[in-house]
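Undergrad: Next comes data_19.cif, mmCIF, C-alpha atoms and all ligand atoms:
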data_coords
loop_
_atom_site.label_atom_id
_atom_site.label_comp_id
_atom_site.auth_asym_id
_atom_site.auth_seq_id
_atom_site.Cartn_x
_atom_site.Cartn_y
_atom_site.Cartn_z
CA MET L 1 31.96 50.89 -148.76
CA ARG L 2 28.42 49.98 -149.58
CA PHE L 3 28.54 47.30 -146.90
CA ARG L 4 29.68 49.85 -144.27
CA ALA L 5 26.88 52.26 -145.24
CA SER L 6 24.27 49.52 -144.87
CA LEU L 7 25.66 48.58 -141.48
CA VAL L 8 25.48 52.18 -140.29
CA ALA L 9 21.90 52.45 -141.54
CA LEU L 10 20.97 49.20 -139.81
CA CYS L 11 22.49 50.38 -136.51
CA ALA L 12 20.56 53.64 -136.77
CA VAL L 13 17.30 51.73 -137.26
CA VAL L 14 18.04 49.43 -134.31
CA LEU L 15 18.97 52.37 -132.04
CA ALA L 16 15.88 54.33 -133.05
CA ALA L 17 13.66 51.30 -132.41
CA GLY L 18 15.31 50.84 -129.00
CA ALA L 19 14.78 54.48 -128.09
CA HIS L 20 11.19 54.29 -129.28
CA ALA L 21 10.61 51.14 -127.23
CA GLN L 22 12.03 52.88 -124.16
CA GLN L 23 9.69 55.82 -124.60
CA GLN L 24 6.55 53.73 -124.69
CA PRO L 25 4.91 53.74 -121.26
CA ILE L 26 3.49 50.52 -119.83
CA VAL L 27 -0.28 50.82 -120.20
CA ILE L 28 -2.56 49.57 -117.44
CA LYS L 29 -6.19 49.41 -118.53
CA PHE L 30 -8.34 49.54 -115.39
CA SER L 31 -11.98 48.75 -116.10
CA HIS L 32 -14.89 49.01 -113.66
CA VAL L 33 -18.67 49.26 -113.75
CA VAL L 34 -19.58 52.21 -111.49
CA THR L 35 -19.43 55.96 -112.12
CA VAL L 36 -16.36 58.08 -111.37
CA ASN L 37 -18.31 59.74 -108.57
CA THR L 38 -18.37 56.70 -106.23
CA PRO L 39 -15.88 55.28 -103.69
CA LYS L 40 -14.50 52.84 -106.29
CA GLY L 41 -14.55 55.40 -109.11
CA LYS L 42 -12.61 57.88 -106.99
CA GLY L 43 -10.21 55.18 -105.75
CA ALA L 44 -9.38 54.21 -109.34
CA GLU L 45 -8.72 57.84 -110.28
CA ARG L 46 -6.47 58.25 -107.22
CA PHE L 47 -4.50 55.13 -108.18
CA LYS L 48 -4.01 56.51 -111.70
CA GLN L 49 -2.84 59.86 -110.36
CA LEU L 50 -0.37 58.35 -107.87
CA ALA L 51 0.98 55.74 -110.28
CA GLU L 52 1.60 58.28 -113.05
CA GLU L 53 3.14 60.82 -110.63
CA ARG L 54 5.53 58.24 -109.20
CA LEU L 55 6.44 56.63 -112.52
CA PRO L 56 6.46 59.60 -114.91
CA GLY L 57 6.54 58.50 -118.53
CA ARG L 58 6.91 54.85 -117.54
CA VAL L 59 3.33 53.95 -116.70
CA LYS L 60 0.02 55.12 -118.08
CA VAL L 61 -3.18 54.09 -116.29
CA GLU L 62 -6.30 54.23 -118.47
CA VAL L 63 -9.40 54.07 -116.28
CA TYR L 64 -12.62 52.94 -118.00
CA PRO L 65 -15.55 53.57 -115.61
CA ASN L 66 -19.26 52.74 -115.85
CA SER L 67 -18.92 49.54 -117.94
CA THR L 68 -17.55 51.53 -120.92
CA LEU L 69 -14.94 48.86 -121.70
CA PHE L 70 -16.33 45.65 -120.18
CA LYS L 71 -19.43 44.84 -118.17
CA ASP L 72 -20.18 42.13 -115.61
CA GLY L 73 -19.95 38.72 -117.15
CA GLU L 74 -17.25 39.90 -119.58
CA GLU L 75 -14.62 41.57 -117.45
CA MET L 76 -13.20 38.54 -115.61
CA GLU L 77 -12.55 36.71 -118.86
CA ALA L 78 -11.08 39.86 -120.38
CA LEU L 79 -8.67 40.07 -117.43
CA GLN L 80 -7.62 36.46 -117.80
CA LEU L 81 -7.07 36.94 -121.54
CA GLY L 82 -5.05 40.11 -120.93
CA SER L 83 -7.46 42.43 -122.81
CA VAL L 84 -7.53 44.50 -119.62
CA GLN L 85 -4.90 44.52 -116.88
CA MET L 86 -6.79 45.66 -113.76
CA LEU L 87 -10.33 45.34 -112.39
CA ALA L 88 -12.12 45.91 -109.10
CA PRO L 89 -15.16 43.59 -109.19
CA SER L 90 -17.45 43.40 -106.24
CA LEU L 91 -16.74 40.43 -103.96
CA ALA L 92 -20.10 38.99 -105.07
CA LYS L 93 -18.77 38.43 -108.59
CA PHE L 94 -15.98 35.89 -108.02
CA GLY L 95 -18.21 32.78 -108.08
CA PRO L 96 -18.20 32.35 -111.87
CA LEU L 97 -14.36 32.17 -111.65
CA GLY L 98 -14.82 29.07 -109.51
CA VAL L 99 -13.96 30.79 -106.22
CA ARG L 100 -17.23 30.75 -104.29
CA ASP L 101 -15.43 31.54 -100.99
CA TYR L 102 -15.68 35.27 -101.72
CA GLU L 103 -19.46 35.00 -101.34
CA VAL L 104 -18.94 34.78 -97.59
CA PHE L 105 -18.95 38.61 -97.74
CA ASP L 106 -22.55 38.44 -99.02
CA LEU L 107 -23.95 36.65 -95.97
CA PRO L 108 -26.77 38.80 -94.62
CA TYR L 109 -26.05 40.75 -91.44
CA VAL L 110 -22.67 39.10 -90.80
CA PHE L 111 -20.87 42.49 -90.69
CA ASP L 112 -21.99 45.23 -88.37
CA GLY L 113 -20.13 47.99 -90.22
CA TYR L 114 -16.79 48.72 -91.84
CA ALA L 115 -14.60 47.85 -88.84
CA ASP L 116 -15.94 44.28 -88.87
CA VAL L 117 -15.17 43.93 -92.58
CA HIS L 118 -11.60 45.17 -92.09
CA LYS L 119 -10.95 42.55 -89.40
CA VAL L 120 -11.47 40.03 -92.19
CA THR L 121 -9.93 41.76 -95.22
CA ASP L 122 -6.82 43.01 -93.37
CA GLY L 123 -6.11 39.65 -91.74
CA PRO L 124 -5.26 36.07 -92.70
CA ILE L 125 -8.66 35.41 -94.33
CA GLY L 126 -8.14 38.29 -96.76
CA LYS L 127 -4.68 36.95 -97.67
CA ALA L 128 -5.90 33.35 -98.05
CA LEU L 129 -8.67 34.49 -100.39
CA PHE L 130 -6.14 36.29 -102.58
CA ARG L 131 -4.00 33.14 -102.79
CA LYS L 132 -7.00 31.31 -104.27
CA LEU L 133 -6.86 33.61 -107.31
CA GLU L 134 -3.33 32.72 -108.37
CA SER L 135 -4.27 29.45 -110.07
CA LYS L 136 -6.78 31.49 -112.11
CA GLY L 137 -3.97 33.71 -113.44
CA ILE L 138 -4.98 36.61 -111.18
CA VAL L 139 -3.21 38.52 -108.38
CA GLY L 140 -5.22 40.25 -105.64
CA LEU L 141 -3.80 43.65 -104.71
CA ALA L 142 -6.25 45.28 -102.30
CA TYR L 143 -9.72 45.29 -100.78
CA TRP L 144 -11.78 48.45 -101.27
CA ASP L 145 -14.97 49.31 -99.41
CA ASN L 146 -18.21 50.47 -100.82
CA GLY L 147 -20.88 50.17 -98.14
CA LEU L 148 -23.95 48.52 -96.76
CA ARG L 149 -26.73 47.16 -98.96
CA GLU L 150 -30.17 48.74 -99.00
CA MET L 151 -33.31 47.46 -100.75
CA THR L 152 -35.27 49.28 -103.43
CA ALA L 153 -38.61 48.36 -105.03
CA ASN L 154 -41.85 49.83 -106.29
CA LYS L 155 -43.66 48.76 -103.15
CA PRO L 156 -42.70 49.45 -99.55
CA LEU L 157 -40.51 46.69 -98.08
CA ARG L 158 -41.00 46.61 -94.32
CA THR L 159 -41.44 42.95 -93.51
CA PRO L 160 -40.02 39.74 -95.01
CA ALA L 161 -43.51 38.94 -96.33
CA ASP L 162 -43.41 42.09 -98.50
CA PHE L 163 -40.84 40.41 -100.78
CA ARG L 164 -43.08 37.54 -101.80
CA GLY L 165 -43.13 37.09 -105.59
CA LEU L 166 -40.96 40.15 -106.37
CA LYS L 167 -38.38 39.89 -109.15
CA MET L 168 -35.21 41.18 -107.52
CA ARG L 169 -31.95 41.80 -109.40
CA ILE L 170 -28.85 40.18 -107.93
CA GLN L 171 -25.14 39.97 -108.68
CA SER L 172 -23.85 36.51 -109.66
CA SER L 173 -23.64 35.16 -106.10
CA LYS L 174 -25.32 31.99 -104.83
CA VAL L 175 -25.58 33.58 -101.38
CA LEU L 176 -27.58 36.48 -102.79
CA ASP L 177 -29.76 34.03 -104.68
CA ALA L 178 -30.43 32.14 -101.41
CA GLN L 179 -31.04 35.42 -99.57
CA PHE L 180 -33.90 36.43 -101.86
CA ARG L 181 -35.34 32.93 -102.01
CA ALA L 182 -35.43 32.94 -98.19
CA LEU L 183 -37.68 36.01 -98.50
CA GLY L 184 -39.93 34.38 -101.11
CA ALA L 185 -38.66 36.65 -103.90
CA LEU L 186 -37.44 35.64 -107.37
CA PRO L 187 -33.76 36.56 -107.79
CA GLN L 188 -32.47 37.40 -111.26
CA VAL L 189 -28.77 37.71 -112.08
CA MET L 190 -28.21 40.82 -114.19
CA ALA L 191 -25.21 42.96 -115.17
CA PHE L 192 -24.98 46.20 -113.21
CA SER L 193 -25.12 48.25 -116.43
CA GLU L 194 -28.57 46.86 -117.23
CA VAL L 195 -30.25 47.44 -113.87
CA TYR L 196 -31.52 51.00 -114.37
CA GLN L 197 -33.34 50.15 -117.59
CA ALA L 198 -34.70 46.89 -116.18
CA MET L 199 -36.15 48.86 -113.26
CA GLN L 200 -37.53 51.53 -115.54
CA THR L 201 -39.28 49.07 -117.83
CA GLY L 202 -40.49 46.76 -115.07
CA VAL L 203 -38.37 43.77 -116.14
CA ILE L 204 -37.44 43.61 -112.44
CA ASP L 205 -39.38 44.89 -109.43
CA GLY L 206 -36.40 45.87 -107.35
CA GLY L 207 -32.88 45.27 -106.19
CA GLU L 208 -30.30 45.86 -103.51
CA ASN L 209 -27.31 48.15 -103.58
CA THR L 210 -25.35 50.74 -101.67
CA SER L 211 -26.68 54.28 -101.47
CA SER L 212 -23.79 55.55 -103.60
CA ASN L 213 -24.57 53.07 -106.39
CA ILE L 214 -28.31 53.71 -106.19
CA TYR L 215 -27.79 57.47 -106.38
CA THR L 216 -25.12 57.60 -109.09
CA GLN L 217 -27.03 55.16 -111.33
CA LYS L 218 -30.25 57.14 -110.66
CA MET L 219 -32.04 53.98 -109.54
CA HIS L 220 -33.94 56.06 -106.98
CA GLU L 221 -35.66 57.81 -109.90
CA VAL L 222 -37.16 54.53 -111.13
CA GLN L 223 -37.96 52.91 -107.76
CA LYS L 224 -40.74 54.24 -105.59
CA TYR L 225 -39.31 52.99 -102.28
CA MET L 226 -35.94 52.43 -100.66
CA THR L 227 -35.54 50.59 -97.34
CA VAL L 228 -32.44 51.39 -95.29
CA SER L 229 -31.94 47.79 -94.24
CA ASP L 230 -28.13 47.63 -94.04
CA HIS L 231 -28.58 43.88 -94.50
CA GLY L 232 -25.29 43.18 -96.28
CA TYR L 233 -21.97 44.57 -97.45
CA ILE L 234 -20.62 45.50 -100.88
CA GLY L 235 -16.88 45.80 -101.32
CA TYR L 236 -14.28 45.03 -103.95
CA ALA L 237 -11.06 43.18 -104.64
CA VAL L 238 -8.66 45.08 -106.88
CA ILE L 239 -7.10 42.44 -109.10
CA VAL L 240 -4.52 42.26 -111.91
CA ASN L 241 -3.56 39.81 -114.62
CA LYS L 242 -0.78 37.71 -113.04
CA LYS L 243 1.31 37.28 -116.18
CA PHE L 244 1.30 41.05 -116.74
CA TRP L 245 2.09 41.81 -113.09
CA ASP L 246 4.92 39.27 -112.79
CA ALA L 247 6.53 40.54 -116.00
CA LEU L 248 6.76 44.18 -114.80
CA PRO L 249 10.24 45.52 -113.96
CA ALA L 250 10.66 45.04 -110.20
CA ASP L 251 11.01 48.78 -109.46
CA VAL L 252 7.80 49.53 -111.40
CA ARG L 253 5.89 46.82 -109.55
CA THR L 254 7.10 48.14 -106.18
CA ALA L 255 6.05 51.69 -107.04
CA LEU L 256 2.65 50.46 -108.23
CA GLU L 257 2.19 48.49 -104.99
CA GLY L 258 2.88 51.72 -103.09
CA ALA L 259 0.41 53.67 -105.23
CA MET L 260 -2.21 50.97 -104.66
CA LYS L 261 -1.62 51.02 -100.90
CA ASP L 262 -2.16 54.77 -100.76
CA ALA L 263 -5.15 54.68 -103.11
CA THR L 264 -6.65 51.98 -100.87
CA THR L 265 -6.28 54.12 -97.75
CA TYR L 266 -7.96 56.97 -99.61
CA ALA L 267 -10.81 54.85 -101.04
CA ASN L 268 -11.55 53.23 -97.69
CA ASP L 269 -11.43 56.59 -95.89
CA ILE L 270 -14.08 58.15 -98.13
CA ALA L 271 -16.44 55.17 -98.59
CA GLN L 272 -18.68 55.67 -95.57
CA LYS L 273 -19.14 59.41 -96.10
CA GLU L 274 -19.79 58.94 -99.83
CA ASN L 275 -22.64 56.59 -98.96
CA GLU L 276 -24.03 58.85 -96.23
CA ASP L 277 -23.97 61.79 -98.62
CA ALA L 278 -25.66 59.72 -101.34
CA LEU L 279 -28.44 58.65 -98.95
CA GLU L 280 -28.98 62.26 -97.99
CA ALA L 281 -29.12 63.28 -101.66
CA ILE L 282 -31.65 60.50 -102.36
CA ARG L 283 -33.84 61.74 -99.48
CA LYS L 284 -33.58 65.32 -100.70
CA SER L 285 -34.45 64.38 -104.29
CA GLY L 286 -37.96 63.39 -103.19
CA ARG L 287 -38.02 60.84 -106.05
CA THR L 288 -38.28 57.82 -103.76
CA GLN L 289 -39.70 57.30 -100.31
CA VAL L 290 -36.96 56.27 -97.87
CA ILE L 291 -38.10 53.78 -95.23
CA THR L 292 -36.23 53.33 -91.95
CA LEU L 293 -36.91 50.02 -90.21
CA THR L 294 -37.92 49.98 -86.56
CA PRO L 295 -35.77 47.74 -84.30
CA GLN L 296 -38.62 45.16 -84.29
CA GLU L 297 -38.84 45.16 -88.10
CA LYS L 298 -35.07 44.80 -88.39
CA ALA L 299 -35.14 41.87 -85.96
CA ALA L 300 -37.73 40.16 -88.18
CA TRP L 301 -35.47 40.62 -91.25
CA LYS L 302 -32.50 39.15 -89.38
CA LYS L 303 -34.54 36.18 -88.26
CA ALA L 304 -35.75 35.50 -91.80
CA LEU L 305 -32.29 35.85 -93.33
CA VAL L 306 -29.88 34.21 -90.92
CA LYS L 307 -30.88 30.75 -92.13
CA VAL L 308 -29.00 31.59 -95.34
CA HIS L 309 -25.70 31.19 -93.41
CA GLU L 310 -26.45 27.54 -92.64
CA ASP L 311 -27.96 26.85 -96.06
CA MET L 312 -24.86 28.18 -97.82
CA ALA L 313 -22.26 26.47 -95.62
CA PRO L 314 -21.78 23.54 -98.07
CA THR L 315 -21.22 26.00 -100.95
CA ILE L 316 -18.86 28.52 -99.39
CA GLY L 317 -17.34 26.43 -96.60
CA ARG L 318 -18.44 25.92 -93.02
CA ASP L 319 -14.91 26.56 -91.69
CA LEU L 320 -14.69 29.87 -93.50
CA ILE L 321 -18.04 30.99 -92.09
CA GLN L 322 -16.91 30.00 -88.57
CA GLN L 323 -13.64 31.94 -89.06
CA ILE L 324 -15.63 35.03 -90.05
CA TYR L 325 -17.87 34.63 -86.98
CA ARG L 326 -14.75 34.50 -84.78
CA GLU L 327 -13.28 37.64 -86.39
CA THR L 328 -16.50 39.68 -86.19
CA GLY L 329 -18.03 38.21 -83.03
CA PHE L 330 -21.22 37.39 -84.95
CA ASP L 331 -23.36 34.83 -83.19
CA PRO L 332 -26.48 33.62 -85.02
CA ALA L 333 -27.91 32.29 -81.75
CA LYS L 334 -28.05 35.85 -80.39
CA LEU L 335 -30.38 37.20 -83.09
C1 LIG L 401 -23.51 45.68 -108.49
O1 LIG L 401 -24.62 45.76 -108.00
O2 LIG L 401 -23.26 44.97 -109.48
C2 LIG L 401 -22.46 46.54 -107.85
O3 LIG L 401 -21.91 45.89 -106.80
C3 LIG L 401 -21.49 47.10 -108.82
C4 LIG L 401 -20.28 47.67 -108.15
O4 LIG L 401 -19.21 47.44 -108.69
O5 LIG L 401 -20.41 48.32 -107.10
#
Let's see the structure in the file written out as structure tokens.
TA:
Amino acid sequence: MRFRASLVALCAVVLAAGAHAQQQPIVIKFSHVVTVNTPKGKGAERFKQLAEERLPGRVKVEVYPNSTLFKDGEEMEALQLGSVQMLAPSLAKFGPLGVRDYEVFDLPYVFDGYADVHKVTDGPIGKALFRKLESKGIVGLAYWDNGLREMTANKPLRTPADFRGLKMRIQSSKVLDAQFRALGALPQVMAFSEVYQAMQTGVIDGGENTSSNIYTQKMHEVQKYMTVSDHGYIGYAVIVNKKFWDALPADVRTALEGAMKDATTYANDIAQKENEDALEAIRKSGRTQVITLTPQEKAAWKKALVKVHEDMAPTIGRDLIQQIYRETGFDPAKL
């Protein structure tokens, strides 16, 4: 009798535990370093909304914007360790993982706008780059746009000579390091979350970023000048921990892939306008003087910077650079 009662109690505990386990949603922590009010911030929110709508009660996406969970230099390791499941680092931040190929996106002036970038990210090069992440325990899900890079500093930057001796903040990319050295500046790798304060206190003289990042981090309030140079591209790879992703129930993974596809369309549709609006807001703020380069000035920048392509070929791969040239029609000889 006592034995039967214990058995019944045990079954009840097991059933309750099973029901409890079933009720627990799968949690996806998605960490990134920009504000919610940016192309990436909005893309992450859209992914959360779509994923939770399509998998009610089964998946919970926790988005941590603005480096509130992890900052640059921490987040890749956190992803590999499984402390966070999803990230969207800029393509300039994959070098420390040992995948320098992604720095091809940092080559100055190689993309003449979003359509050129998509020829690369939507095609075989984009897929091949994702395959390189698998041995690092990471799966690449999507490429998201931000926009073109502009320069900011406390002095007007109109000619390559204006950069001489300036301490310029960079992301952890060897190409960006070479870019600023080609201009005679002193590049300094720094986490995105530290840039505003470093500009405010004069630890650095300037930096480069998209208009949406400059505006939403208020960098324009601590930099006297901004040059609309459009000299490079900033975009992202949305990545997940491979072990986590592979262990998901197949139907959940398929639904999440669908949510990511739709969030990607949304993020890439809004990116250009977000940056145009941010540039307009920066101009209107009157806090920084916005400089537009003349065609002659722009030609001088291109001439000074194109040598970086050749200098970086041994680091990021000559074949890869040639492939990108073929996709975009870029010809250094025509500059
Ligand atoms: C940076 O300057 O670090 C940015 O690219 C950050 C970001 O994610 O856009």
Undergrad: All residues within 10 Å of ligand LIG 401 (chain L) are required, counting all atoms listed in the file; please report them as an MDAnalysis selection string.
TA: chainID L and resid 32:35 38:41 65:67 71:72 87:93 145:147 149 169:172 189:195 207:210 212:214 233:236
Undergrad: What does the structure give for the distance between atom CA of Leu157 of chain L and atom CA of Thr227 of chain L, in Å to one decimal?
TA: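 Atom CA of Thr227 of chain L lies 6.4 Å from atom CA of Leu157 of chain L.
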Undergrad: So which residues touch segment 237-247 of chain L within 7 Å, counting only C-alpha atoms, skipping near sequence neighbours fewer than 4 positions away, as a list of chain:residue names?
TA: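 Near segment 237-247 of chain L, the qualifying residues are L:Leu79, L:Gln80, L:Gly82, L:Gln85, L:Met86, L:Leu87, L:Ala88, L:Pro89, L:Ser90, L:Leu91, L:Gly137, L:Ile138, L:Val139, L:Gly140, L:Leu141, L:Ala142, L:Tyr143, L:Trp144.
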Undergrad: Quick one: pull the distance between atom CA of Asp112 of chain L and atom CA of Arg181 of chain L, Å, one decimal.
TA: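 Going from atom CA of Asp112 of chain L over to atom CA of Arg181 of chain L covers 22.7 Å.
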Undergrad: Would you kindly return, as an mmCIF file with C-alpha atoms, in the coordinates of the input, each protein, DNA or RNA residue with an atom no farther than 6 Å from any atom of segment 94-111 of chain L, considering all atoms listed in the file and excluding same-chain residues fewer than 2 positions away?
TA:
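After the write, selection.cif holds the following:
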data_model
loop_
_atom_site.group_PDB
_atom_site.id
_atom_site.type_symbol
_atom_site.label_atom_id
_atom_site.label_comp_id
_atom_site.auth_asym_id
_atom_site.auth_seq_id
_atom_site.Cartn_x
_atom_site.Cartn_y
_atom_site.Cartn_z
ATOM 1 C CA LEU L 91 -16.740 40.430 -103.960
ATOM 2 C CA ALA L 92 -20.100 38.990 -105.070
ATOM 3 C CA GLY L 113 -20.130 47.990 -90.220
ATOM 4 C CA ASP L 116 -15.940 44.280 -88.870
ATOM 5 C CA HIS L 231 -28.580 43.880 -94.500
ATOM 6 C CA GLY L 232 -25.290 43.180 -96.280
ATOM 7 C CA ILE L 316 -18.860 28.520 -99.390
#
Undergrad: Tell me, in Å to one decimal, how far atom CA of Thr264 of chain L is from atom CA of Met219 of chain L.
TA: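 Separating atom CA of Thr264 of chain L from atom CA of Met219 of chain L is a distance of 26.9 Å.
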Undergrad: Give me, as a PyMOL selection string, all polymer residues having an atom no more than 8 Å from Pro156 of chain L, counting only C-alpha atoms and skipping those fewer than 4 positions away in the same chain.
TA: chain L and resi 162+224-227+291
Undergrad: Got a sec: who's within 7 Å of Leu293 of chain L, counting all atoms listed in the file, leaving out chain neighbours fewer than 3 positions off, as a PyMOL selection string?
TA: chain L and resi 158+228-229+297-298
Undergrad: When you count all atoms listed in the file, which of these residues is closest to Thr159 of chain L: L:His309, L:Arg253, L:Arg326, L:Lys303?
TA: L:Lys303
Undergrad: Which residue is closest to Tyr215 of chain L? Choose from L:Lys132, L:Tyr64, L:Ala278, L:Phe330 and count all atoms listed in the file.
TA: L:Ala278
Undergrad: Using all atoms listed in the file for the distances, tell me which of L:Thr152, L:Gln23, L:Thr254, L:Thr328 is nearest to Thr288 of chain L.
TA: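 For Thr288 of chain L, the nearest of the candidates is L:Thr152.
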